[in-house]
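Colleague: Structure in structure tokens, see below.
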Amino acid sequence: MKIIVTVKLVPDTTAEKRIDPSTKRLVRAGVETVLNPFDEYAIEAALQLKEKAGGDSTVTIVTLAPESGKEVVRKALAMGADDAIMISDAAAEGSDVWGTAYALAQAIKKAGFDIVIAGTQSTDSTTGELPGALAEFLGVPGVTFVRKLEVDGTALKAERETDAGYTKVSAQLPALVSVTKSINEPRYPSLKGIMGAKKKTIAVQSLADAGVDKPIGAAGARTELLELTTPPARGKGVIFEASDAVAGATKIIEFLRERKLV
Amino acid sequence: MRDVIVYIEQIGGQPRRVSLEIATKAKELATALGGSVHALVLGKNASGAAEQLKAYPVDTIHVSEDPDIDAFAVDPAVDYLEAAAKAVGPALILVPFTMIGRDLGSRLAARLDAGQCADVTDVTVAGDKVACISPKLGGTVLTTCAFKGDYGIAAIRPNSFKAVPSAGAGAVVTLEKPAGKTYKIAVDEEVVEAAGELGVEEASTVISGGRGVGGPDPFKTILKDLADSLGGSVGASRAAVDAGWIGHGHQVGQTGKTISPNLYIAVGISGAIQHKVGMRTASTIVAINKDGTVPIGEFADLLVVGDLFSIVPELTKQIRAVHS
């Protein structure tokens, strides 16, 4: 089975991000680039599929990112993925979801696949729009928000989370699956994995290498950024030391009354 | 002139509240664009949902109860939306930023080769230009984006607009089944666990519990009671979800949901950055914590320092007294 995992490189999730008002760009100084935490669940799901399917199954990481992120991609290889494709091209800068999904789809089609696994969303844009667009461009069933996945031969069975509960679905490969964090507990790279990852291949491709035949990046984006503003920061409010339960509850009720919330 | 198409998400013949919020906003946008509002209601019981929708300012309600819509996941709804979009002509398409809406919006954007703005909290019209405002990077910045092409899709965050009844023309038309389609994701079983409850993303009041509540029981007892007294829903921090005290669907924060309720009450939650990014856009934030130095004190409107296990039930009692 040929398994592809799409990943995104994002600014460190524990750092408070801010925008430089003069350049309208994220202040990257002191903010490390990491693997999108949601993608670790996708990598784990892929590794489990590979281990179960056995034979000559492979897991290939595909990402659209500047080449400077190579060492971050290596973490995915250290977890156990076999190799990686990095689409790195200055012309991809400023891509929206449409452009990113299109570029990834072209590279994935060229590489060949039975199943593509993606994280549900990224921690920087948090829109969760990539998996759907990617399924559409790949022309395969897009089974999103999956919390349980079984693949038997070419048959896929999954549980999809919904806002009201979950649905059990089935489909045939090739397909795309996006996984939620309920699906597994991602493994930590072992020392052996970290050492082994140094020898694994990360194929850096230009947009042309990846088979991207339409303009993407800022030039091809279907949306344009008009303005970037900083909302007023939430000020520090009132801190009330409650002497007992009644005092605490009464304070809250008074406060909610003032704001017409009760 | 440009029309506005609204996707109405419905469960059992009831439009979800976010759908009604979007329908209300759509009329304002359509008026500014000189067009009309088309609503799409799909699946089992769609006619019932369409009846309720007539109380809101939509001009045409397109309905289909094609059994394929419920028998197969996602794809039939995308096809119906695509067909409607092509029949109506270049338009602004509004979907809710819910799990279903995320799928539909992203699939449709790729299919129509259109731009999409997601997690939108406001939409403005200047001349014939539509602009969408979305919080990014955990609410630290607001982006204003425009569509470059003829179509544009905006996925709207629940609680961004008010649903205000005001009947429109409400003409109901039946959609024709898109021809030549085969569907590949079969729905074998649909399990509804939270019937009648609003999800945290949609509720106007959310009571969340964190590490400080100490176990699964308070979520079903004191927090649930407080939520019920305020007509709200129960949420949780990552610590509580990871400990297995409550399901992931309730999680608020970076690896959970990003919400904008009117009132957010954080119980036993310290308010680390990963939690803050999921709820900082709530209109009012109240926290209850035994520690007065927790980070949430820096951005909550009110932090009450004390024992949550006695304050929460007392608060519920007092709220019930106010309401009765």
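Simple scheme: letters A, B, ... for chains in structure tokens order, numbers from 1 for residues in each chain, numbers from 1 for ligands in the order shown.
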Hey, list the chain B side of the contact with chain A: 7 Å cut-off, only C-alpha atoms, answer as a ChimeraX atom specification.
Modeller: /B:99,102-103,106-107,110-111,114-116,118-119,136-137,140-149,184-195,199,248,254,273-274,297-306,310-311,314-315
Colleague: For the strand (DSSP E) assignment from backbone DSSP, which residues of range 21-216 of chain B qualify? Please present them as a PyMOL selection string.
Modeller: chain B and resi 37-42+60-64+91-96+115-120+122-126+129-136+141-147+152-156+171-174+186-192+205-209
Colleague: Within 6 Å of Lys2 in chain A, counting only C-alpha atoms, which residues show up once you throw out same-chain ones fewer than 2 positions away? Write them as a list in words, please.
Modeller: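 Selected residues are Ser57, Thr58, Phe113 and Asp114 of chain A.
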Colleague: I need the residues from that last selection saved to file as a PDB file, in the first residue's frame (with N, CA and C atoms), if you can.
Modeller:
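Writing the result to selection-v4.pdb gives the following:
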ATOM      1  N   SER A  57       4.567  -1.906   1.795  1.00  0.00           N
ATOM      2  CA  SER A  57       3.883  -0.644   2.074  1.00  0.00           C
ATOM      3  C   SER A  57       4.886   0.455   2.413  1.00  0.00           C
ATOM      4  N   THR A  58       4.569   1.668   1.976  1.00  0.00           N
ATOM      5  CA  THR A  58       5.454   2.798   2.278  1.00  0.00           C
ATOM      6  C   THR A  58       4.641   3.998   2.739  1.00  0.00           C
ATOM      7  N   PHE A 113      -0.542   6.940  -5.287  1.00  0.00           N
ATOM      8  CA  PHE A 113      -1.011   6.705  -3.911  1.00  0.00           C
ATOM      9  C   PHE A 113      -2.196   5.756  -3.885  1.00  0.00           C
ATOM     10  N   ASP A 114      -2.343   5.071  -2.745  1.00  0.00           N
ATOM     11  CA  ASP A 114      -3.571   4.328  -2.466  1.00  0.00           C
ATOM     12  C   ASP A 114      -4.426   5.105  -1.476  1.00  0.00           C
TER      13      ASP A 114
END
Colleague: Could you pull out the helix (DSSP H, G or I) residues of range 39-271 of chain B from DSSP and send them as a PyMOL selection string?
Modeller: chain B and resi 46-53+68-71+75-88+99-112+211-213+217-220+222-229+238-242+248-250
Colleague: Contacts of Val62 in chain A at 8 Å or less, counting only C-alpha atoms, minus same-chain residues fewer than 4 places along, as a PyMOL selection string?
Modeller: chain A and resi 4-7+84-87+104+107-108
Colleague: So that I have them on file, write out the residues from the current selection with N, CA and C atoms, as a short mmCIF file (atom, residue, chain, number, x, y, z; two decimals), in the first residue's frame.
Modeller:
data_model
loop_
_atom_site.label_atom_id
_atom_site.label_comp_id
_atom_site.auth_asym_id
_atom_site.auth_seq_id
_atom_site.Cartn_x
_atom_site.Cartn_y
_atom_site.Cartn_z
N ILE A 4 0.36 8.24 1.59
CA ILE A 4 0.91 9.60 1.57
C ILE A 4 0.36 10.35 2.79
N VAL A 5 1.23 11.11 3.45
CA VAL A 5 0.75 11.97 4.54
C VAL A 5 1.12 13.41 4.19
N THR A 6 0.12 14.30 4.18
CA THR A 6 0.43 15.71 3.94
C THR A 6 0.71 16.37 5.28
N VAL A 7 1.73 17.20 5.33
CA VAL A 7 2.03 17.92 6.57
C VAL A 7 2.25 19.40 6.28
N ALA A 84 10.28 11.67 1.92
CA ALA A 84 9.47 12.89 1.88
C ALA A 84 9.66 13.63 0.58
N ILE A 85 8.61 14.32 0.18
CA ILE A 85 8.68 15.23 -0.96
C ILE A 85 8.39 16.63 -0.44
N MET A 86 9.31 17.55 -0.68
CA MET A 86 9.11 18.95 -0.28
C MET A 86 8.98 19.79 -1.52
N ILE A 87 7.82 20.39 -1.70
CA ILE A 87 7.68 21.33 -2.81
C ILE A 87 8.15 22.68 -2.28
N LEU A 104 -0.22 20.39 -3.84
CA LEU A 104 -0.05 19.09 -3.17
C LEU A 104 -0.68 17.98 -4.01
N ALA A 107 1.54 16.98 -6.95
CA ALA A 107 2.71 16.20 -6.52
C ALA A 107 2.30 14.79 -6.09
N ILE A 108 1.16 14.69 -5.42
CA ILE A 108 0.70 13.38 -4.93
C ILE A 108 0.30 12.48 -6.10
#
Colleague: With distances taken over only C-alpha atoms, which of A:Ala53, A:Gly30, A:Val59, A:Arg147 is nearest to Gly247 in chain B?
Modeller: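 When distances to Gly247 in chain B are compared using only C-alpha atoms, the smallest one comes from A:Arg147.
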Colleague: Quick one: residues within 6 Å of range 88-98 of chain B, only C-alpha atoms, excluding same-chain residues fewer than 4 positions away - as a ChimeraX atom specification?
Modeller: /B:2-7,102,119,150-157
Colleague: Have a look at B:Ser204, B:Ser237, B:Gln10, B:Thr255 and name the one nearest to Asn36 in chain A; count only C-alpha atoms.
Modeller: B:Thr255
Colleague: When you draw a straight line from CA of Gly105 in chain B to CA of Glu82 in chain B, how long is it in Å?
Modeller: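 Going from CA of Gly105 in chain B over to CA of Glu82 in chain B covers 10.6 Å.
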Colleague: Can you pull out the residues contacting range 60-62 of chain B? Cut-off 12 Å, using only C-alpha atoms, and skip same-chain residues under 3 positions away; I want them as a PyMOL selection string.
Modeller: chain B and resi 3-8+23+27+35-43+46-57+65+80-81+83-85+87-88+167-177
